[in-house]
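What follows is structure30.txt (compact mmCIF, C-alpha atoms).
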```txt
# COMPACT_ATOMS: atom_id res chain seq x y z
CA MET A 130 21.26 33.49 -16.11
CA ALA A 131 24.50 34.91 -14.76
CA ASP A 132 23.18 35.43 -11.25
CA LEU A 133 21.65 32.01 -10.82
CA ILE A 134 23.04 30.20 -7.82
CA LEU A 135 23.92 26.57 -8.17
CA ASN A 136 22.15 24.60 -5.46
CA LYS A 137 24.00 21.30 -5.35
CA THR A 138 22.72 17.91 -4.28
CA ASP A 139 23.15 17.91 -0.51
CA MET A 140 24.92 14.66 0.27
CA GLU A 141 24.34 15.23 3.99
CA VAL A 142 20.76 14.15 3.40
CA HIS A 143 20.74 12.24 0.08
CA PRO A 144 21.66 8.54 -0.04
CA PRO A 145 24.91 7.39 -1.62
CA ARG A 146 24.97 5.60 -4.97
CA LEU A 147 26.40 2.40 -3.57
CA TYR A 148 24.74 1.11 -0.39
CA PRO A 149 25.58 -2.61 -0.21
CA ASP A 150 22.86 -3.42 2.37
CA TYR A 151 20.47 -2.61 -0.48
CA LYS A 152 21.77 -5.44 -2.62
CA SER A 153 20.70 -4.34 -6.07
CA THR A 154 22.91 -1.22 -5.77
CA ILE A 155 25.96 -3.53 -6.03
CA LEU A 156 25.67 -4.16 -9.78
CA ARG A 157 23.79 -0.97 -10.66
CA ALA A 158 25.50 1.94 -8.92
CA PRO A 159 28.05 3.84 -11.00
CA THR A 160 31.53 3.10 -9.62
CA LYS A 161 33.50 6.01 -11.07
CA PRO A 162 33.34 9.55 -9.68
CA LEU A 163 30.78 11.85 -11.27
CA VAL A 164 32.22 14.39 -13.69
CA LEU A 165 31.44 17.96 -12.71
CA LEU A 166 29.41 19.61 -15.42
CA LYS A 167 29.29 23.30 -16.15
CA PRO A 168 25.54 23.78 -16.62
CA SER A 169 24.15 25.15 -19.84
CA LEU A 170 20.67 25.91 -21.14
CA SER A 171 19.38 22.36 -20.72
CA GLU A 172 20.30 22.27 -17.04
CA TYR A 173 18.85 25.70 -16.32
CA THR A 174 15.48 24.67 -17.71
CA GLY A 175 13.15 21.71 -17.50
CA PRO A 176 9.81 20.45 -18.75
CA VAL A 177 6.85 22.58 -17.71
CA PHE A 178 3.46 21.00 -17.11
CA GLY A 179 1.69 23.98 -15.57
CA ASP A 180 -1.12 24.04 -18.09
CA MET A 181 -1.61 20.29 -18.20
CA ALA A 182 -5.27 19.33 -17.90
CA MET A 183 -5.97 17.18 -14.86
CA ARG A 184 -9.01 14.94 -14.80
CA GLU A 185 -11.50 15.06 -11.94
CA PHE A 186 -10.08 12.15 -9.91
CA ASP A 187 -6.44 12.23 -10.94
CA ASN A 188 -5.49 13.16 -7.36
CA ASP A 189 -8.03 10.83 -5.72
CA LEU A 190 -6.81 7.23 -5.68
CA THR A 191 -9.93 6.17 -3.78
CA MET A 192 -11.96 7.12 -6.88
CA ASN A 193 -9.79 6.78 -9.98
CA GLY A 194 -9.53 3.00 -10.02
CA ARG A 195 -13.10 2.07 -9.21
CA LYS A 196 -14.77 -0.74 -11.14
CA ASN A 197 -17.70 -1.85 -9.00
CA GLY A 198 -17.23 -0.33 -5.55
CA GLU A 199 -14.86 1.34 -3.13
CA PRO A 200 -11.27 0.28 -2.58
CA LEU A 201 -10.61 -1.42 0.74
CA GLY A 202 -8.36 0.11 3.37
CA GLU A 203 -7.90 3.02 5.72
CA ARG A 204 -8.69 6.24 3.83
CA ILE A 205 -6.05 8.94 4.17
CA VAL A 206 -5.49 12.40 2.76
CA VAL A 207 -1.92 13.62 2.21
CA HIS A 208 -1.31 17.37 2.11
CA GLY A 209 1.97 19.13 1.52
CA LYS A 210 3.80 22.12 0.18
CA VAL A 211 6.56 21.94 -2.45
CA MET A 212 9.28 24.51 -1.78
CA ASP A 213 12.75 25.54 -2.81
CA ARG A 214 15.58 25.70 -0.29
CA ASN A 215 14.53 29.18 0.83
CA GLY A 216 11.03 27.99 1.64
CA ASN A 217 9.52 29.71 -1.38
CA PRO A 218 6.60 27.76 -2.82
CA ILE A 219 6.97 26.04 -6.19
CA PRO A 220 3.61 26.58 -7.91
CA HIS A 221 2.06 24.58 -10.76
CA THR A 222 4.60 21.78 -10.68
CA LEU A 223 3.68 18.21 -11.50
CA ILE A 224 3.57 15.54 -8.78
CA GLU A 225 3.03 11.87 -9.62
CA VAL A 226 2.39 9.18 -6.98
CA TRP A 227 2.09 5.41 -6.99
CA GLN A 228 1.73 2.84 -4.23
CA ALA A 229 0.69 -0.65 -3.16
CA ASN A 230 -2.90 -1.31 -2.14
CA SER A 231 -3.94 -1.72 1.49
CA ALA A 232 -2.94 -5.40 1.40
CA GLY A 233 0.59 -4.59 0.21
CA ARG A 234 0.11 -5.58 -3.43
CA TYR A 235 1.06 -3.50 -6.45
CA VAL A 236 -0.96 -3.61 -9.63
CA HIS A 237 2.34 -3.99 -11.52
CA LYS A 238 2.45 -7.30 -13.43
CA VAL A 239 5.90 -8.13 -12.05
CA ASP A 240 4.66 -8.05 -8.44
CA GLN A 241 4.09 -11.70 -7.47
CA HIS A 242 3.44 -11.12 -3.75
CA ASN A 243 0.69 -13.45 -2.59
CA ALA A 244 -1.65 -10.74 -1.34
CA PRO A 245 -4.94 -9.83 -3.00
CA LEU A 246 -5.32 -7.26 -5.72
CA ASP A 247 -8.13 -4.79 -5.15
CA PRO A 248 -10.32 -4.50 -8.25
CA ASN A 249 -11.23 -0.95 -7.23
CA PHE A 250 -7.74 0.36 -6.61
CA LEU A 251 -5.16 1.19 -9.26
CA GLY A 252 -2.76 2.98 -6.93
CA THR A 253 -1.56 5.86 -9.07
CA GLY A 254 -2.40 9.54 -9.32
CA ARG A 255 -1.07 12.95 -10.21
CA CYS A 256 -1.69 16.61 -9.55
CA LEU A 257 -0.22 20.07 -10.00
CA THR A 258 0.67 22.20 -7.00
CA ASP A 259 -1.51 25.29 -6.63
CA ALA A 260 -0.30 28.91 -6.74
CA GLU A 261 1.05 28.54 -3.16
CA GLY A 262 2.87 25.27 -3.89
CA ASN A 263 0.29 23.12 -2.09
CA TYR A 264 -0.90 19.69 -3.14
CA LYS A 265 -3.37 17.11 -1.85
CA PHE A 266 -3.97 13.42 -2.58
CA TYR A 267 -6.71 11.14 -1.31
CA THR A 268 -5.80 7.46 -1.11
CA VAL A 269 -5.81 4.43 1.19
CA LYS A 270 -2.88 3.65 3.43
CA PRO A 271 -0.55 1.30 1.54
CA GLY A 272 0.28 -2.06 3.12
CA ALA A 273 3.74 -3.42 3.90
CA TYR A 274 5.04 -6.12 1.57
CA PRO A 275 7.90 -8.63 1.48
CA TRP A 276 10.81 -8.33 -0.94
CA GLY A 277 13.85 -10.40 -1.78
CA ASN A 278 16.69 -8.25 -0.49
CA HIS A 279 17.46 -10.48 2.51
CA TYR A 280 15.75 -13.10 4.68
CA ASN A 281 12.36 -11.88 5.92
CA ALA A 282 12.76 -8.46 4.31
CA TRP A 283 9.65 -6.25 4.34
CA ARG A 284 9.22 -2.76 2.94
CA PRO A 285 7.62 -0.29 5.36
CA ASN A 286 4.37 1.35 4.26
CA HIS A 287 5.23 4.00 1.69
CA ILE A 288 3.93 6.14 -1.17
CA HIS A 289 6.24 6.83 -4.13
CA PHE A 290 6.48 10.48 -5.21
CA SER A 291 7.93 11.97 -8.42
CA LEU A 292 8.46 15.75 -8.73
CA PHE A 293 9.88 18.15 -11.28
CA GLY A 294 10.31 21.65 -9.85
CA GLY A 295 11.77 24.50 -11.84
CA ASP A 296 14.53 22.84 -13.84
CA ILE A 297 15.98 19.46 -14.63
CA THR A 298 18.32 19.53 -11.62
CA SER A 299 15.36 19.82 -9.24
CA ARG A 300 13.98 16.48 -10.42
CA LEU A 301 13.21 14.25 -7.44
CA VAL A 302 11.91 10.72 -7.02
CA THR A 303 11.32 9.80 -3.39
CA GLN A 304 9.07 7.90 -0.98
CA MET A 305 6.90 9.10 1.88
CA TYR A 306 6.82 6.84 4.95
CA PHE A 307 4.48 6.78 7.95
CA PRO A 308 5.32 7.76 11.53
CA GLY A 309 6.12 5.01 14.02
CA ASP A 310 6.48 2.24 11.42
CA PRO A 311 8.53 -0.53 13.09
CA LEU A 312 9.83 -1.70 9.70
CA LEU A 313 11.75 1.53 9.09
CA GLN A 314 14.67 0.46 11.29
CA HIS A 315 15.07 -2.71 9.19
CA ASP A 316 14.68 -1.19 5.71
CA PRO A 317 17.94 -0.64 3.78
CA ILE A 318 16.26 1.71 1.28
CA TYR A 319 15.20 4.06 4.07
CA LEU A 320 18.44 3.52 6.03
CA GLY A 321 20.45 4.37 2.89
CA VAL A 322 19.52 7.97 3.68
CA PRO A 323 22.00 9.52 6.14
CA PRO A 324 20.54 10.05 9.67
CA LYS A 325 20.15 13.80 9.06
CA GLY A 326 17.78 13.18 6.17
CA ARG A 327 15.63 10.31 7.42
CA ASP A 328 13.00 12.28 9.31
CA LEU A 329 12.37 14.37 6.17
CA LEU A 330 10.87 11.28 4.52
CA ILE A 331 8.22 10.65 7.16
CA GLY A 332 4.77 12.12 6.70
CA LYS A 333 3.43 13.70 9.89
CA PHE A 334 0.03 12.72 11.22
CA ASP A 335 -2.07 15.88 11.51
CA LEU A 336 -5.43 15.99 13.27
CA GLU A 337 -6.16 19.38 11.68
CA LEU A 338 -5.94 17.79 8.23
CA THR A 339 -7.95 14.76 9.30
CA GLU A 340 -11.45 14.86 7.80
CA PRO A 341 -14.09 13.85 10.37
CA SER A 342 -15.73 10.50 9.66
CA PHE A 343 -13.76 10.25 6.42
CA ALA A 344 -9.95 10.18 6.26
CA LEU A 345 -6.84 10.47 8.44
CA GLY A 346 -4.67 13.47 7.54
CA TYR A 347 -0.93 13.48 6.93
CA ARG A 348 1.44 16.28 5.97
CA PHE A 349 4.44 15.69 3.70
CA ASP A 350 6.29 18.86 2.69
CA ILE A 351 8.93 18.56 0.00
CA VAL A 352 12.02 20.71 -0.60
CA LEU A 353 13.62 20.55 -4.04
CA ARG A 354 17.05 21.61 -5.18
CA GLY A 355 17.35 23.63 -8.34
CA HIS A 356 19.23 26.58 -9.68
CA SER A 357 17.23 29.56 -8.60
CA ALA A 358 14.56 30.78 -6.24
CA THR A 359 12.17 31.46 -9.08
CA PRO A 360 11.76 28.70 -11.63
CA PHE A 361 13.34 29.66 -14.91
CA GLU A 362 10.63 29.83 -17.54
CA ASN A 363 10.83 27.15 -20.13
CA LEU A 364 10.98 28.27 -23.73
CA MET B 47 15.74 24.26 4.34
CA LYS B 48 17.09 20.77 3.86
CA GLN B 49 16.44 19.07 0.54
CA THR B 50 14.04 16.13 0.66
CA PRO B 51 16.20 13.02 0.17
CA SER B 52 15.95 10.87 -2.92
CA GLN B 53 14.68 7.28 -2.83
CA THR B 54 14.68 4.59 -5.48
CA VAL B 55 12.00 4.54 -8.17
CA GLY B 56 11.72 0.81 -7.33
CA PRO B 57 10.61 -2.03 -9.60
CA TYR B 58 6.92 -1.07 -9.82
CA PHE B 59 6.95 2.42 -11.32
CA ALA B 60 5.40 1.45 -14.64
CA TYR B 61 1.69 1.90 -13.89
CA GLY B 62 2.39 5.27 -12.27
CA LEU B 63 4.99 6.81 -14.59
CA THR B 64 4.71 4.98 -17.94
CA PRO B 65 1.19 3.51 -17.82
CA ASP B 66 0.29 3.65 -21.53
CA GLN B 67 3.55 2.01 -22.60
CA TYR B 68 2.94 -0.89 -20.18
CA LYS B 69 -0.79 -1.02 -21.01
CA TYR B 70 -2.22 0.05 -17.65
CA ASP B 71 -5.55 1.78 -17.45
CA PHE B 72 -4.28 5.29 -16.74
CA PRO B 73 -3.33 7.82 -19.46
CA SER B 74 0.30 8.87 -19.88
CA TYR B 75 0.97 12.52 -20.57
CA VAL B 76 4.42 11.79 -21.96
CA ASP B 77 6.06 8.84 -23.72
CA GLY B 78 8.98 7.97 -25.98
CA ASN B 79 7.80 10.17 -28.83
CA LEU B 80 9.14 13.66 -28.21
CA VAL B 81 7.95 14.48 -31.71
CA ASP B 82 5.34 12.84 -33.91
CA PRO B 83 7.27 10.23 -35.91
CA LEU B 84 4.71 10.30 -38.73
CA THR B 85 4.76 14.02 -39.39
CA THR B 86 8.30 15.05 -38.47
CA LEU B 87 10.48 14.83 -41.54
CA ASP B 88 13.81 15.09 -39.72
CA ALA B 89 12.88 12.75 -36.86
CA ILE B 90 15.62 10.56 -35.44
CA THR B 91 15.36 7.46 -33.29
CA ILE B 92 17.50 6.83 -30.22
CA VAL B 93 17.71 3.24 -29.04
CA GLY B 94 19.82 1.57 -26.40
CA GLN B 95 20.03 -0.78 -23.48
CA VAL B 96 20.91 -0.12 -19.87
CA LEU B 97 23.47 -2.69 -18.72
CA ASP B 98 24.42 -3.75 -15.20
CA GLY B 99 27.85 -4.60 -13.83
CA GLU B 100 27.68 -8.09 -15.33
CA GLY B 101 26.74 -6.76 -18.75
CA ASN B 102 23.13 -7.91 -18.52
CA PRO B 103 20.40 -5.64 -19.89
CA ILE B 104 18.34 -4.09 -17.10
CA ARG B 105 14.64 -4.69 -17.62
CA ASP B 106 13.25 -2.33 -15.00
CA ALA B 107 15.03 0.93 -15.73
CA MET B 108 13.26 4.15 -16.66
CA ILE B 109 14.91 6.74 -18.88
CA GLU B 110 13.92 10.37 -19.23
CA LEU B 111 15.19 12.42 -22.12
CA TRP B 112 15.28 16.21 -22.04
CA GLN B 113 16.59 18.64 -24.62
CA ASN B 114 16.41 22.40 -25.00
CA ASP B 115 18.28 24.26 -27.70
CA GLY B 116 16.35 27.49 -27.22
CA GLU B 117 14.00 26.62 -30.06
CA HIS B 118 12.64 23.22 -29.12
CA ALA B 119 12.22 22.14 -25.49
CA LEU B 120 11.25 18.46 -25.51
CA PHE B 121 10.79 15.82 -22.84
CA GLY B 122 10.16 12.08 -23.03
CA ARG B 123 10.09 9.01 -20.83
CA PHE B 124 10.42 5.30 -21.55
CA GLY B 125 10.77 2.11 -19.48
CA THR B 126 12.98 -0.80 -20.50
CA GLY B 127 10.39 -3.43 -19.58
CA THR B 128 8.36 -3.73 -22.78
CA ASP B 129 10.90 -4.22 -25.59
CA PRO B 130 11.99 -7.86 -26.17
CA GLU B 131 15.62 -6.74 -25.91
CA ASN B 132 14.87 -4.37 -23.02
CA ARG B 133 15.79 -1.36 -25.12
CA PHE B 134 14.51 2.16 -24.67
CA VAL B 135 13.26 3.79 -27.85
CA PHE B 136 12.84 7.54 -28.34
CA THR B 137 11.82 9.52 -31.38
CA THR B 138 12.95 13.12 -31.43
CA ILE B 139 14.81 15.71 -33.46
CA LYS B 140 18.47 16.56 -33.19
CA PRO B 141 18.96 19.75 -31.17
CA LYS B 142 20.92 22.67 -32.56
CA SER B 143 24.28 23.73 -31.26
CA VAL B 144 23.90 26.31 -28.45
CA ASP B 145 26.70 28.84 -27.92
CA GLY B 146 29.09 26.78 -30.02
CA GLN B 147 28.67 23.66 -27.89
CA ALA B 148 28.20 20.28 -29.45
CA PRO B 149 24.52 19.31 -29.58
CA TYR B 150 23.50 16.80 -26.91
CA LEU B 151 20.55 15.20 -25.17
CA THR B 152 20.21 15.02 -21.38
CA PHE B 153 19.46 11.51 -20.10
CA ILE B 154 18.20 10.79 -16.59
CA VAL B 155 18.43 7.18 -15.51
CA TYR B 156 16.26 5.66 -12.78
CA MET B 157 16.00 2.07 -11.58
CA ARG B 158 15.62 -0.31 -8.69
CA GLY B 159 19.11 -0.40 -7.19
CA GLN B 160 19.66 3.34 -7.58
CA LEU B 161 18.79 5.32 -4.46
CA ILE B 162 19.33 8.50 -6.47
CA HIS B 163 18.99 8.94 -10.24
CA SER B 164 21.95 9.46 -12.58
CA PHE B 165 22.47 12.19 -15.18
CA THR B 166 24.35 11.67 -18.40
CA ARG B 167 24.48 13.23 -21.86
CA MET B 168 24.26 11.75 -25.31
CA TYR B 169 26.36 13.31 -28.07
CA PHE B 170 26.14 12.57 -31.80
CA SER B 171 28.82 10.65 -33.73
CA ASP B 172 28.26 12.80 -36.82
CA GLU B 173 29.31 16.01 -35.02
CA THR B 174 33.03 15.26 -34.97
CA SER B 175 34.15 18.84 -35.21
CA LEU B 176 31.87 20.31 -32.52
CA ASN B 177 32.48 17.27 -30.31
CA SER B 178 36.25 17.76 -30.43
CA SER B 179 36.01 21.36 -29.21
CA ASP B 180 33.17 20.90 -26.71
CA ILE B 181 33.91 22.10 -23.17
CA ALA B 182 31.85 19.44 -21.40
CA LEU B 183 33.25 16.58 -23.47
CA ASN B 184 36.77 17.87 -22.97
CA ALA B 185 36.23 17.84 -19.19
CA VAL B 186 35.82 14.06 -19.49
CA PRO B 187 38.98 11.92 -19.53
CA GLU B 188 39.72 11.17 -23.17
CA GLU B 189 39.48 7.39 -22.80
CA ARG B 190 35.92 7.72 -21.45
CA ARG B 191 34.51 10.25 -23.95
CA GLY B 192 33.36 7.52 -26.30
CA THR B 193 30.81 6.34 -23.72
CA LEU B 194 28.85 9.55 -24.36
CA ILE B 195 28.80 9.43 -28.15
CA ALA B 196 25.98 7.58 -29.88
CA ALA B 197 26.74 5.82 -33.15
CA LYS B 198 24.69 6.92 -36.13
CA ASN B 199 23.14 4.38 -38.46
CA GLY B 200 20.81 6.03 -40.98
CA ASN B 201 18.37 8.11 -38.94
CA GLN B 202 18.93 6.00 -35.82
CA TYR B 203 21.45 6.47 -33.04
CA ARG B 204 22.55 3.69 -30.70
CA PHE B 205 23.28 4.74 -27.13
CA ASP B 206 23.92 2.01 -24.57
CA ILE B 207 24.24 3.02 -20.94
CA HIS B 208 26.71 0.94 -18.93
CA MET B 209 26.22 1.39 -15.20
CA GLN B 210 29.57 -0.24 -14.43
CA GLY B 211 32.49 -2.07 -16.04
CA GLU B 212 35.22 -1.11 -18.46
CA GLN B 213 32.81 0.84 -20.61
CA GLU B 214 31.05 2.51 -17.66
CA THR B 215 29.14 5.50 -18.98
CA VAL B 216 30.22 8.90 -17.73
CA PHE B 217 27.67 10.27 -15.27
CA PHE B 218 27.61 13.94 -14.41
CA ASP B 219 27.32 15.99 -11.27
CA VAL B 220 24.89 18.65 -12.47
```
Re-express the file's structure as structure tokens.
Amino acid sequence: MADLILNKTDMEVHPPRLYPDYKSTILRAPTKPLVLLKPSLSEYTGPVFGDMAMREFDNDLTMNGRKNGEPLGERIVVHGKVMDRNGNPIPHTLIEVWQANSAGRYVHKVDQHNAPLDPNFLGTGRCLTDAEGNYKFYTVKPGAYPWGNHYNAWRPNHIHFSLFGGDITSRLVTQMYFPGDPLLQHDPIYLGVPPKGRDLLIGKFDLELTEPSFALGYRFDIVLRGHSATPFENL
Amino acid sequence: MKQTPSQTVGPYFAYGLTPDQYKYDFPSYVDGNLVDPLTTLDAITIVGQVLDGEGNPIRDAMIELWQNDGEHALFGRFGTGTDPENRFVFTTIKPKSVDGQAPYLTFIVYMRGQLIHSFTRMYFSDETSLNSSDIALNAVPEERRGTLIAAKNGNQYRFDIHMQGEQETVFFDV
């Protein structure tokens, strides 16, 4: 482990803890400086899910919530590659996604937005990256929805992503947005990211990935931090 | 290459990340039981609340627990939205001391209102000797060390996480 290089959180692209325009950070963001930790075994390793069994439609949100028909909305397919900072692929790492339906309504019981639920859409999925770090999800484009942060606040269309990578420091929870969304310039969660990082959160429309007569294609590549170029094997 | 920026887990993570616990129709692959509570003789329980700057328990936080002592590498996840007191509840085993360090658990804290997650560690109140000589604990100002030490009561440890305030938990830059 002696030659592992510490790859720190890059605050040029990551959002700060306190971002008062996003109001719920005010009572929830730690106020004291973080204490620098000399990493030990737990930080050099992380949970490994590489041999987890995926079910047939775990990465197909247009299929995995069906009750009596197809979910409504614009079908999309999201492709991407998960990499470390050197561009090396991170294979067999777990990705989890969740999102609102095409009307902007989450299945979550707390979501009280007056938009219809879709009986055929759950809005969650998961997959493992392949040997080259690639992943793919089929879904429908999520709708925008209002929230209580400020008067007439709306979240831009987005898909939530959760990733692990090679060790516990590479853990990432993020959101993929869509190109040209006019709500982005009004969204304090997106704007909490410094200008240098914002474009990294926008999936790119890609005609090559678009499946004729079926689904629009987007690409969302993800770069994780972490301690080393090759994931340290878990014990 | 630039790291992909973090974004908040938001208020609606439960059906994606902790579906079984919140009774959604999608199987979880991980939950609050890092070990089987029925068959593990030395199992311990970790319970606690996550509190905001006004001291109110947070009902939409998600906690991940990770531990690796070289013998047992265990991972769990629990949301604070199902317990009547908005506690998280984990069942695990106490890790061994590694390289003379005090045993600890890694906690990762996610919630609406955090654009990036927070790392902390939980130490054990019944490890007084190892705690007093531990390098990581000693890097923490003495008056704040107590925020990292969970109080033992039988086979249960209580570990409250204060996001702010006088008892603000120490969070680490890892």
Tell me, counting only C-alpha atoms, for each residue of chain A within 6 Å of chain B, which pair of atoms is nearest and how far apart they are in Å to one decimal, in rows ordered by chain and increasing number, as JSON lines.
```
{"residue": "A:Val142", "atom": "CA", "partner": "B:Pro51", "partner_atom": "CA", "distance": 5.7}
{"residue": "A:His143", "atom": "CA", "partner": "B:Pro51", "partner_atom": "CA", "distance": 4.6}
{"residue": "A:Ser153", "atom": "CA", "partner": "B:Gly159", "partner_atom": "CA", "distance": 4.4}
{"residue": "A:Thr154", "atom": "CA", "partner": "B:Gly159", "partner_atom": "CA", "distance": 4.1}
{"residue": "A:Leu156", "atom": "CA", "partner": "B:Gly99", "partner_atom": "CA", "distance": 4.6}
{"residue": "A:Arg157", "atom": "CA", "partner": "B:Asp98", "partner_atom": "CA", "distance": 5.4}
{"residue": "A:Pro159", "atom": "CA", "partner": "B:Met209", "partner_atom": "CA", "distance": 5.2}
{"residue": "A:Leu163", "atom": "CA", "partner": "B:Phe218", "partner_atom": "CA", "distance": 4.9}
{"residue": "A:Val164", "atom": "CA", "partner": "B:Phe218", "partner_atom": "CA", "distance": 4.7}
{"residue": "A:Leu165", "atom": "CA", "partner": "B:Asp219", "partner_atom": "CA", "distance": 4.8}
{"residue": "A:Leu166", "atom": "CA", "partner": "B:Val220", "partner_atom": "CA", "distance": 5.5}
{"residue": "A:Ser171", "atom": "CA", "partner": "B:Asn114", "partner_atom": "CA", "distance": 5.2}
{"residue": "A:Arg214", "atom": "CA", "partner": "B:Met47", "partner_atom": "CA", "distance": 4.9}
{"residue": "A:Trp227", "atom": "CA", "partner": "B:Gly62", "partner_atom": "CA", "distance": 5.3}
{"residue": "A:His237", "atom": "CA", "partner": "B:Tyr58", "partner_atom": "CA", "distance": 5.7}
{"residue": "A:Thr253", "atom": "CA", "partner": "B:Gly62", "partner_atom": "CA", "distance": 5.1}
{"residue": "A:Val302", "atom": "CA", "partner": "B:Ser52", "partner_atom": "CA", "distance": 5.8}
{"residue": "A:Thr303", "atom": "CA", "partner": "B:Gln53", "partner_atom": "CA", "distance": 4.2}
{"residue": "A:Gln304", "atom": "CA", "partner": "B:Gln53", "partner_atom": "CA", "distance": 5.9}
{"residue": "A:Ile351", "atom": "CA", "partner": "B:Thr50", "partner_atom": "CA", "distance": 5.7}
{"residue": "A:Val352", "atom": "CA", "partner": "B:Gln49", "partner_atom": "CA", "distance": 4.9}
{"residue": "A:Leu353", "atom": "CA", "partner": "B:Gln49", "partner_atom": "CA", "distance": 5.6}
```
### Message
Taking 2 positions as the minimum chain separation for residues in the same chain, which residues sit within 8 Å of Pro149 of chain B when counting all atoms listed in the file? Answer as a ChimeraX atom specification.
### Response
/B:140-144,147,151,169-170,173,176
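Of the residues listed (B:Val81, B:Leu194, B:Ala148, B:Pro130), B:Ala148 shows the shortest atom-to-atom separation from Ser175 of chain B; distances use all atoms listed in the file.
Here atom CA of His315 of chain A is placed at a distance of 21.9 Å from atom CA of Gln241 of chain A.
The two atoms in question, atom CA of Val76 of chain B and atom CA of Thr64 of chain B, are spaced 7.9 Å apart.
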### Message
With distances taken over only C-alpha atoms, which residue among B:Asp77, B:Lys198, B:Arg123, B:Thr138 lies nearest Ile90 of chain B?
### Response
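Of all the options, B:Thr138 lies closest to Ile90 of chain B.
Taking only C-alpha atoms into account, Glu203 of chain A lies nearest to A:Lys270 out of the set A:Lys265, A:Lys238, A:His221, A:Lys270.
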## Note on the structure
Students should find that atom CA of Asp88 of chain B and atom CA of Ile195 of chain B are spaced 19.8 Å
### Query
Which of these residues is nearest to Gly294 of chain A, using only C-alpha atoms: A:Val177, A:Val226, A:Ala232, A:Ala273?
A:Val177
## Note on the structure
Of B:Pro103, B:Val155, B:Ser171, B:Thr137, the one sitting nearest Leu301 of chain A when using all atoms listed in the file is B:Val155
### Task
Choose the residue, out of A:Asp180, A:Glu141, A:Asp213, A:Asp335, that has the smallest atom-to-atom separation from Ser299 of chain A; count all atoms listed in the file.
A:Asp213
